[in-house]
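Okay, query.txt is below, compact mmCIF, C-alpha atoms:
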```
# COMPACT_ATOMS: atom_id res chain seq x y z
CA MET A 1 94.69 77.60 119.64
CA ILE A 2 92.92 75.13 117.37
CA GLU A 3 95.18 72.75 115.49
CA LEU A 4 94.19 70.33 112.78
CA LYS A 5 96.73 67.76 111.67
CA ASN A 6 96.29 65.56 108.61
CA ILE A 7 92.54 65.49 109.04
CA SER A 8 90.43 63.29 106.76
CA LYS A 9 86.71 62.72 106.87
CA LYS A 10 84.44 60.52 104.75
CA TYR A 11 80.67 60.46 104.49
CA GLY A 12 79.93 56.96 103.25
CA GLY A 13 82.06 56.68 100.14
CA ARG A 14 82.45 60.41 99.63
CA GLN A 15 85.67 62.04 100.78
CA ALA A 16 84.62 65.30 102.46
CA LEU A 17 88.05 66.31 103.73
CA GLN A 18 91.42 65.00 102.77
CA ASN A 19 94.63 65.46 104.72
CA VAL A 20 93.93 68.98 105.98
CA THR A 21 96.55 70.55 108.24
CA LEU A 22 95.73 73.95 109.64
CA THR A 23 96.53 76.05 112.69
CA ILE A 24 94.02 78.69 113.73
CA PRO A 25 95.77 81.44 115.68
CA GLN A 26 93.98 83.53 118.25
CA GLY A 27 92.87 87.10 117.62
CA LYS A 28 91.96 86.92 113.95
CA ILE A 29 88.96 86.92 111.67
CA ILE A 30 89.38 84.09 109.23
CA GLY A 31 87.33 83.39 106.14
CA LEU A 32 86.86 79.79 105.07
CA VAL A 33 86.07 79.85 101.37
CA GLY A 34 85.53 77.43 98.51
CA GLU A 35 82.83 76.02 96.26
CA ASN A 36 79.72 74.30 97.56
CA GLY A 37 80.67 70.81 98.71
CA SER A 38 84.35 71.70 99.18
CA GLY A 39 84.28 70.73 102.87
CA LYS A 40 83.88 74.11 104.60
CA THR A 41 81.02 73.10 106.86
CA THR A 42 82.62 69.75 107.64
CA LEU A 43 85.81 71.55 108.70
CA LEU A 44 83.84 73.95 110.88
CA LYS A 45 81.92 71.09 112.51
CA LEU A 46 85.15 69.23 113.22
CA MET A 47 86.49 72.30 115.01
CA ALA A 48 83.22 72.62 116.92
CA GLY A 49 83.45 69.01 118.10
CA LEU A 50 80.27 68.07 116.25
CA LEU A 51 82.13 65.59 114.06
CA THR A 52 85.18 63.46 114.73
CA PRO A 53 87.82 62.97 112.07
CA ASP A 54 88.34 59.51 110.52
CA GLU A 55 92.05 60.19 110.40
CA GLY A 56 94.32 62.84 111.86
CA LYS A 57 94.14 64.90 114.99
CA ALA A 58 92.06 67.92 115.96
CA THR A 59 93.17 69.65 119.15
CA TYR A 60 92.23 72.71 121.15
CA GLY A 61 94.87 74.04 123.54
CA GLY A 62 96.72 70.75 123.09
CA SER A 63 93.87 68.38 124.01
CA PRO A 64 91.76 66.47 121.50
CA ILE A 65 88.55 68.24 120.48
CA THR A 66 85.39 66.57 121.77
CA ARG A 67 81.80 67.70 122.13
CA ARG A 68 82.87 69.37 125.40
CA ILE A 69 84.70 72.06 123.44
CA ALA A 70 81.29 73.77 123.20
CA GLU A 71 82.25 75.47 126.48
CA HIS A 72 84.89 77.48 124.65
CA ILE A 73 83.48 77.68 121.17
CA ALA A 74 80.30 79.30 119.95
CA TYR A 75 79.12 77.55 116.79
CA MET A 76 76.50 79.13 114.59
CA PRO A 77 74.95 76.68 112.09
CA ASP A 78 73.59 77.90 108.78
CA THR A 79 70.17 76.49 109.58
CA ASP A 80 67.57 77.88 111.98
CA LEU A 81 67.38 75.67 115.04
CA PHE A 82 65.09 77.75 117.20
CA TYR A 83 61.79 76.83 118.80
CA PRO A 84 59.35 78.85 116.71
CA TYR A 85 57.12 79.71 119.69
CA PHE A 86 59.99 81.27 121.67
CA THR A 87 60.23 85.02 121.97
CA VAL A 88 63.67 86.55 121.55
CA GLN A 89 63.80 87.06 125.32
CA GLN A 90 62.92 83.40 125.96
CA LEU A 91 65.56 82.33 123.48
CA PHE A 92 68.14 84.40 125.37
CA ASP A 93 67.02 82.80 128.66
CA PHE A 94 67.31 79.37 127.07
CA TYR A 95 70.85 80.13 125.89
CA ALA A 96 71.73 81.41 129.37
CA SER A 97 70.54 78.08 130.82
CA GLN A 98 72.71 76.12 128.36
CA PHE A 99 75.93 78.13 128.30
CA ASP A 100 77.76 79.46 131.35
CA ASP A 101 79.44 82.14 129.26
CA PHE A 102 76.20 83.52 127.83
CA ASP A 103 75.91 87.17 128.83
CA VAL A 104 72.24 88.22 128.70
CA VAL A 105 73.17 91.89 129.07
CA LYS A 106 75.49 91.70 126.08
CA ALA A 107 72.93 89.75 124.04
CA LYS A 108 70.30 92.42 124.75
CA GLU A 109 72.75 95.13 123.79
CA ILE A 110 73.36 93.34 120.49
CA ALA A 111 69.61 92.92 119.96
CA GLN A 112 69.13 96.63 120.53
CA PHE A 113 72.04 97.46 118.21
CA LEU A 114 70.40 95.29 115.52
CA ASN A 115 66.91 96.68 116.19
CA ILE A 116 65.30 93.44 117.32
CA SER A 117 62.43 93.54 119.75
CA LEU A 118 62.80 91.13 122.68
CA ASP A 119 59.07 90.40 122.68
CA ALA A 120 58.95 89.21 119.08
CA LYS A 121 58.21 85.52 118.54
CA MET A 122 60.73 83.66 116.41
CA LYS A 123 58.03 82.36 114.05
CA HIS A 124 56.89 85.93 113.33
CA LEU A 125 60.34 87.20 112.44
CA SER A 126 61.49 87.69 108.86
CA LYS A 127 64.45 85.70 107.60
CA GLY A 128 66.62 88.78 107.95
CA ASN A 129 65.62 89.29 111.56
CA ARG A 130 66.16 85.61 112.33
CA GLY A 131 69.66 86.09 110.94
CA ARG A 132 70.12 89.04 113.29
CA VAL A 133 68.85 87.01 116.29
CA LYS A 134 71.18 84.17 115.38
CA ILE A 135 74.21 86.43 115.46
CA ALA A 136 72.99 88.02 118.72
CA VAL A 137 72.75 84.68 120.58
CA THR A 138 76.08 83.57 119.15
CA LEU A 139 78.03 86.72 120.00
CA GLY A 140 76.13 86.92 123.30
CA ARG A 141 78.46 84.18 124.47
CA GLU A 142 81.91 85.19 125.71
CA ALA A 143 83.59 82.41 123.76
CA SER A 144 87.22 82.14 122.69
CA TYR A 145 86.22 81.09 119.19
CA TYR A 146 83.16 81.94 117.13
CA LEU A 147 82.56 79.51 114.31
CA LEU A 148 80.01 80.93 111.90
CA ASP A 149 78.58 78.88 109.05
CA GLU A 150 77.43 81.16 106.24
CA PRO A 151 76.38 84.06 108.47
CA PHE A 152 75.49 86.20 105.45
CA SER A 153 73.97 83.80 102.95
CA GLY A 154 70.48 84.56 101.66
CA LEU A 155 70.27 87.86 103.54
CA ASP A 156 69.71 91.31 102.05
CA PRO A 157 72.52 93.92 101.97
CA MET A 158 71.18 95.82 105.01
CA VAL A 159 71.15 92.69 107.15
CA ARG A 160 74.60 91.70 105.88
CA ALA A 161 75.96 95.14 106.79
CA ASP A 162 74.32 94.97 110.23
CA ILE A 163 75.79 91.56 110.95
CA ALA A 164 79.23 92.71 109.79
CA LYS A 165 79.02 95.77 112.05
CA GLY A 166 77.85 93.59 114.93
CA LEU A 167 80.87 91.37 114.40
CA ILE A 168 83.25 94.32 114.59
CA ARG A 169 81.47 95.89 117.54
CA PHE A 170 80.85 92.84 119.73
CA THR A 171 83.97 90.74 119.35
CA ASP A 172 87.26 91.55 120.98
CA ILE A 173 89.88 90.58 118.46
CA GLU A 174 92.63 90.78 121.04
CA ARG A 175 91.37 87.62 122.68
CA GLN A 176 88.67 86.19 120.42
CA THR A 177 88.81 84.53 117.03
CA VAL A 178 86.16 84.37 114.37
CA ILE A 179 86.14 81.70 111.68
CA MET A 180 83.40 81.99 109.10
CA THR A 181 82.50 80.25 105.90
CA THR A 182 81.33 82.60 103.21
CA HIS A 183 80.70 83.00 99.51
CA GLU A 184 80.43 86.78 99.74
CA ILE A 185 84.17 87.25 99.44
CA ARG A 186 84.21 90.60 97.71
CA GLU A 187 81.92 92.09 100.30
CA MET A 188 83.48 90.49 103.35
CA GLU A 189 87.14 90.84 102.44
CA PRO A 190 87.58 94.06 104.50
CA LEU A 191 86.44 92.09 107.54
CA LEU A 192 88.97 89.31 107.13
CA ASP A 193 92.55 88.93 108.32
CA GLU A 194 93.12 85.64 106.58
CA MET A 195 91.58 83.37 104.02
CA VAL A 196 91.66 79.60 103.93
CA VAL A 197 90.69 78.12 100.59
CA LEU A 198 89.25 74.62 100.22
CA LYS A 199 88.78 72.73 96.99
CA GLY A 200 87.36 69.23 96.78
CA GLY A 201 88.09 68.56 100.45
CA GLN A 202 91.68 69.74 100.31
CA MET A 203 93.14 72.96 101.60
CA ILE A 204 94.74 74.61 98.59
CA ALA A 205 95.78 77.92 100.16
CA SER A 206 95.93 79.90 103.37
CA GLU A 207 97.03 83.53 103.14
CA SER A 208 96.68 86.89 104.85
CA VAL A 209 94.45 89.30 102.96
CA ASP A 210 97.06 92.09 103.13
CA GLU A 211 99.65 89.72 101.66
CA ILE A 212 97.33 88.75 98.81
CA ARG A 213 96.98 92.41 97.82
CA ASP A 214 100.63 93.23 98.49
CA VAL A 215 102.26 90.25 96.83
CA TYR A 216 99.80 89.39 94.06
CA GLY A 217 98.44 92.91 93.49
CA MET A 218 94.84 91.70 93.39
CA ASP A 219 91.90 91.44 95.71
CA ALA A 220 90.86 88.27 97.45
CA THR A 221 88.17 87.42 94.89
CA SER A 222 90.50 87.58 91.89
CA TRP A 223 93.15 85.71 93.83
CA MET A 224 90.76 82.91 94.67
CA MET A 225 89.56 82.70 91.08
CA SER A 226 93.17 82.46 89.90
CA LEU A 227 93.68 79.52 92.29
CA PHE A 228 90.71 77.70 90.81
CA ARG A 229 91.89 78.21 87.24
CA GLU A 230 95.23 76.54 87.93
CA MET B 1 78.73 98.07 103.62
CA GLY B 2 81.26 100.56 104.98
CA MET B 3 83.68 102.13 102.52
CA ASP B 4 84.70 101.03 99.05
CA PHE B 5 88.25 99.93 98.44
CA LEU B 6 90.37 99.54 95.33
CA PRO B 7 91.35 95.96 94.55
CA ASP B 8 95.09 96.30 94.00
CA LYS B 9 96.30 97.81 97.26
CA PRO B 10 96.10 96.59 100.86
CA ILE B 11 93.09 98.00 102.65
CA TYR B 12 95.16 99.44 105.52
CA GLN B 13 97.16 101.51 103.01
CA GLN B 14 94.00 102.87 101.47
CA LEU B 15 92.74 103.85 104.91
CA ILE B 16 96.04 105.61 105.70
CA GLU B 17 95.69 107.54 102.43
CA ARG B 18 92.10 108.40 103.27
CA ILE B 19 93.01 109.82 106.67
CA THR B 20 96.04 111.75 105.39
CA GLY B 21 93.79 113.07 102.61
CA ASP B 22 91.34 114.34 105.22
CA ILE B 23 94.19 116.06 107.08
CA ILE B 24 95.56 117.72 103.93
CA ARG B 25 92.07 118.80 102.87
CA GLY B 26 91.49 120.21 106.34
CA THR B 27 88.34 118.17 107.03
CA CYS B 28 90.44 116.72 109.81
CA GLN B 29 92.17 119.52 111.77
CA PRO B 30 95.57 119.55 113.52
CA GLY B 31 95.15 118.32 117.08
CA GLU B 32 91.72 116.82 116.37
CA LYS B 33 90.78 113.62 118.17
CA LEU B 34 90.31 110.58 115.95
CA PRO B 35 87.53 108.04 116.60
CA SER B 36 88.55 104.97 118.59
CA VAL B 37 89.90 102.01 116.63
CA ARG B 38 86.63 100.13 117.03
CA GLU B 39 84.41 103.09 116.09
CA TYR B 40 86.47 103.79 112.99
CA ALA B 41 86.56 100.07 112.10
CA MET B 42 82.76 99.94 112.26
CA GLU B 43 82.38 103.07 110.18
CA ALA B 44 84.76 101.77 107.52
CA GLY B 45 83.40 98.21 107.72
CA VAL B 46 86.86 96.77 108.33
CA ASN B 47 88.43 94.40 110.77
CA ALA B 48 89.65 95.97 114.04
CA ASN B 49 93.12 94.49 113.42
CA THR B 50 93.32 96.39 110.13
CA MET B 51 92.31 99.63 111.86
CA GLN B 52 94.82 99.01 114.62
CA ARG B 53 97.53 98.71 111.99
CA VAL B 54 96.38 101.95 110.33
CA TYR B 55 96.62 103.84 113.62
CA LYS B 56 100.00 102.32 114.43
CA GLU B 57 101.48 103.27 111.06
CA LEU B 58 100.04 106.80 111.20
CA GLU B 59 101.70 107.19 114.56
CA GLN B 60 105.02 105.88 113.25
CA MET B 61 104.76 108.39 110.41
CA LYS B 62 104.24 111.06 113.09
CA ILE B 63 100.95 112.04 111.49
CA THR B 64 99.07 111.21 114.67
CA GLU B 65 100.01 110.89 118.30
CA THR B 66 98.55 108.73 121.00
CA LYS B 67 97.84 110.29 124.35
CA ARG B 68 97.73 107.73 127.08
CA GLY B 69 94.18 106.94 128.08
CA GLN B 70 92.73 109.50 125.68
CA GLY B 71 93.13 107.99 122.25
CA SER B 72 94.70 109.14 118.99
CA PHE B 73 94.96 112.74 117.81
CA VAL B 74 96.04 114.35 114.57
CA THR B 75 99.47 115.90 115.11
CA SER B 76 99.50 119.58 116.13
CA ASP B 77 102.88 119.92 114.47
CA ILE B 78 102.06 122.24 111.55
CA GLU B 79 105.47 121.63 110.01
CA ARG B 80 104.74 117.91 109.79
CA ILE B 81 101.44 118.65 108.09
CA ASP B 82 103.17 120.99 105.61
CA GLU B 83 105.63 118.20 104.92
CA LEU B 84 102.71 115.88 104.33
CA ARG B 85 101.23 118.33 101.85
CA ASP B 86 104.56 118.45 99.99
CA GLU B 87 104.79 114.65 99.96
CA MET B 88 101.32 114.51 98.45
CA LYS B 89 102.19 117.16 95.81
CA GLU B 90 105.28 115.16 94.89
CA GLN B 91 103.20 112.00 94.51
CA LEU B 92 100.65 113.75 92.34
CA VAL B 93 103.33 115.32 90.15
CA GLN B 94 105.12 112.00 89.73
CA SER B 95 102.00 110.24 88.54
CA PHE B 96 101.18 113.21 86.29
CA ILE B 97 104.64 113.02 84.71
CA GLN B 98 104.30 109.29 84.22
CA ASN B 99 100.98 109.78 82.48
CA ILE B 100 102.13 112.53 80.13
CA GLU B 101 105.37 110.72 79.29
CA ALA B 102 103.36 107.65 78.39
CA LEU B 103 101.62 109.80 75.79
CA GLY B 104 104.83 111.50 74.62
CA PHE B 105 104.17 115.00 76.00
CA SER B 106 107.11 116.89 77.44
CA THR B 107 106.88 118.60 80.82
CA SER B 108 107.69 122.00 79.26
CA GLU B 109 104.88 121.53 76.75
CA MET B 110 102.49 120.74 79.58
CA MET B 111 103.74 123.67 81.67
CA ASP B 112 103.12 126.04 78.75
CA TYR B 113 99.66 124.64 78.37
CA LEU B 114 98.90 124.91 82.09
CA GLN B 115 99.96 128.57 82.06
CA LYS B 116 97.94 129.36 78.94
CA ARG B 117 94.95 127.54 80.39
CA GLY B 118 95.18 129.69 83.51
CA GLY B 119 92.90 129.14 86.44
CA GLN B 120 89.92 127.83 84.47
CA ASP B 121 87.69 125.74 86.62
CA ASP B 122 85.98 122.76 85.14
```

If you convert what's in this file into C-alpha cells, what do you get?
Amino acid sequence: MIELKNISKKYGGRQALQNVTLTIPQGKIIGLVGENGSGKTTLLKLMAGLLTPDEGKATYGGSPITRRIAEHIAYMPDTDLFYPYFTVQQLFDFYASQFDDFDVVKAKEIAQFLNISLDAKMKHLSKGNRGRVKIAVTLGREASYYLLDEPFSGLDPMVRADIAKGLIRFTDIERQTVIMTTHEIREMEPLLDEMVVLKGGQMIASESVDEIRDVYGMDATSWMMSLFRE
Amino acid sequence: MGMDFLPDKPIYQQLIERITGDIIRGTCQPGEKLPSVREYAMEAGVNANTMQRVYKELEQMKITETKRGQGSFVTSDIERIDELRDEMKEQLVQSFIQNIEALGFSTSEMMDYLQKRGGQDD
C-alpha cells in the first residue's frame, strides 16, 4: 500500500503540492485528474520515488519511499526516453537487464497483441506505435504498482483503445494497482475504479466512480466539472 | 472504445441490464457459457473489477450460475428466465405509465388506442 501523509512540494517559489493526504489501496485502477499544472505528475513522481517531498511522509508498505521503490513500481513517464537506434527487441533486452521483474515473454505477448514488430527501430516508429511500445515495456514488468503519466495523451482513438485493452488484459487487478493521470476522463471512466481530483496542488476529491454515478447521478466528467465550478 | 454507457447510472448496472436483455431476447440462451470476466471486460472496455461485480450480482440474482473451474453460465432454470421476462415487462409498463401520465393520458385511453392501432409495425 502507498500512503501519502500531508505531502507538500515546492519548485523554487511555486507550490506544486500542498498538504496532500492519500492512501492508494491495492487492486484498483485509479485515475488522477485535474488541470494542467495541478500537480498530477509531481504526485506520481513522488510515489515513484523520483522526487522527495519537502514536507510530509510518503511510504510504501510502511517504509519511506526512496528511489529503490523502482523494484516494486513500474513508472511510465509521458515523455519518450528510449534510445532511438534500439529495436523493440533490444529495448526489451535492455529492460530485462535493468529490472528483475521484467518478463520478456509477457512483453513479447503484449507487443504481439498490440501489433508491434520486434525488429522495428524505435526511431522509425510512429508516435502511436511508440505509445504502444511504452505500455508494453511498462506492463512487461510484474510490478505491484503501475504509475502511468498520461498514457493516452496525443494518441489517436485506435491507439487509445489498444492501450486500454492492453491494460485490462495484462494487469491482474487482484494483486496489481494502476494509477494513471489523464485528461480523457469521459473515455477512460469505464476503466477506472476511483478518481482523485487535484486542483492547484491540493486534493479536492477522491471518490469511487460507481459512487459518483450512484450518489450524484452524473458521470465522472460532469462531476469533475461541478467540483471546479464550486 | 468498447461499449457506450449512459451517464446517469453506474456502469455495472448498465452491463447487468445488457446481459439480462440478451437473455430475454434469446441472443444469450439458457445454459450458455458466458465469456470469462477478463474477456468480457476487454470486449466492453471496462475495468475487470467492474465486470467481476456484474458477474457476482447476476449470480446473486440467480440469473447465472458459476460452475467451479468452468466459469459462469446463464441459468438453465426456465422459470427464472420467465420471471425475468415478467420483471422486464413490469419495468417497461411502469415507465410507459409514467410517461403517459406526465402528458395527461389515461391508461384506458391508451389501451383503447393500442387495440385500435392493432399490430401495425413501424

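Minimum atom-to-atom distance to Glu189 (chain A), evaluated using only C-alpha atoms, belongs to A:Gly31 out of A:Gly31, A:Gly217, A:Gly62, A:Pro53.
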
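Residues surrounding Ser153 (chain A) within 9 Å are Asp78, Arg160, Thr182, His183 and Glu184 of chain A [only C-alpha atoms; sequence separation below 4 positions excluded].
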
Practice task
May I have the residues of chain A within 9 Å of chain B, counting all atoms listed in the file, written as a VMD selection string?
Solution key: chain A and resid 27 to 29 157 to 158 160 to 162 164 to 169 172 to 174 187 to 193 209 to 214 216 to 220 222

Residues within 9 Å of Ala143 (chain A), all atoms listed in the file, excluding chain neighbours under 6 positions, as an mmCIF file with C-alpha atoms, in the coordinates of the input:
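What ended up in out-v9.cif:
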```
data_model
loop_
_atom_site.group_PDB
_atom_site.id
_atom_site.type_symbol
_atom_site.label_atom_id
_atom_site.label_comp_id
_atom_site.auth_asym_id
_atom_site.auth_seq_id
_atom_site.Cartn_x
_atom_site.Cartn_y
_atom_site.Cartn_z
ATOM 1 C CA ALA A 70 81.290 73.770 123.200
ATOM 2 C CA GLU A 71 82.250 75.470 126.480
ATOM 3 C CA HIS A 72 84.890 77.480 124.650
ATOM 4 C CA ILE A 73 83.480 77.680 121.170
ATOM 5 C CA ALA A 74 80.300 79.300 119.950
ATOM 6 C CA ASP A 101 79.440 82.140 129.260
ATOM 7 C CA PHE A 102 76.200 83.520 127.830
ATOM 8 C CA GLN A 176 88.670 86.190 120.420
ATOM 9 C CA THR A 177 88.810 84.530 117.030
#
```

Exercise for the section: Determine, counting all atoms listed in the file, which protein, DNA and RNA residues have an atom within 8 Å of an atom of Gln202 (chain A); residues of the same chain fewer than 4 positions away are not included. Present the result as a PyMOL selection string. Expected result: chain A and resi 17-20+38-39+198

Handout entry: Top pick for closest residue to Pro25 (chain A), considering A:Ile69, A:Leu91, A:Ile2, A:Leu46 and counting all atoms listed in the file
Key = A:Ile2

Exercise for the section: Write out as a list in words the residues lying within 12 Å of region 56-59 of chain B, counting only C-alpha atoms and excluding same-chain residues fewer than 4 positions away. Expected result: Tyr12, Gln13, Leu15, Ile16, Glu17, Arg18, Ile19, Thr20, Ile23, Leu34, Val37, Asn49, Thr50, Met51, Gln52, Ile63, Thr64, Glu65, Thr66, Lys67, Gly71, Ser72, Phe73, Val74, Thr75 and Leu84 of chain B

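Taking CA of Val54 (chain B) and CA of Ser36 (chain B) as endpoints, the distance between them is 11.8 Å.
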
Problem - Atomic distance CA of Ala120 (chain A) - CA of Asp149 (chain A), expressed in Å with one decimal - result: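 Computing the Euclidean distance for CA of Ala120 (chain A) and CA of Asp149 (chain A) yields 24.3 Å.
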
Fill in the blank from the handout: Taken to one decimal, the CA of Leu44 (chain A)-CA of Ile30 (chain A) distance is 11.7 Å

Counting all atoms listed in the file, find the residues whose atoms lie at most 6 Å from (82.2, 77.9, 102.6) (file coordinates) and write them out as a CSV table (one decimal) with C-alpha atoms, in the coordinates of the input.
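New file out.csv:
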```csv
chain,number,residue,atom,x,y,z
A,32,LEU,CA,86.9,79.8,105.1
A,33,VAL,CA,86.1,79.8,101.4
A,34,GLY,CA,85.5,77.4,98.5
A,40,LYS,CA,83.9,74.1,104.6
A,181,THR,CA,82.5,80.2,105.9
A,182,THR,CA,81.3,82.6,103.2
```

Exercise for the section: Considering only C-alpha atoms, return as an MDAnalysis selection string whatever protein or nucleic-acid residues lie within 12 Å of Asp80 (chain A), sequence-local ones (same chain, fewer than 4 positions apart) excluded. Expected result: chainID A and resid 76 84 122:123 125:135 149:151

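With all atoms listed in the file as the basis for measurement, A:Thr87 is the residue among A:Ser8, A:Thr59, A:Thr87, A:Thr221 that approaches His124 (chain A) most closely.
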
What are the centre and edge lengths in Å, to one decimal, of the axis-aligned box around all listed atoms of region 45-57 of chain B with 6 Å added on each side, as JSON?
```
{"center_x": 92.4, "center_y": 99.1, "center_z": 111.2, "size_x": 30.1, "size_y": 21.4, "size_z": 18.9}
```
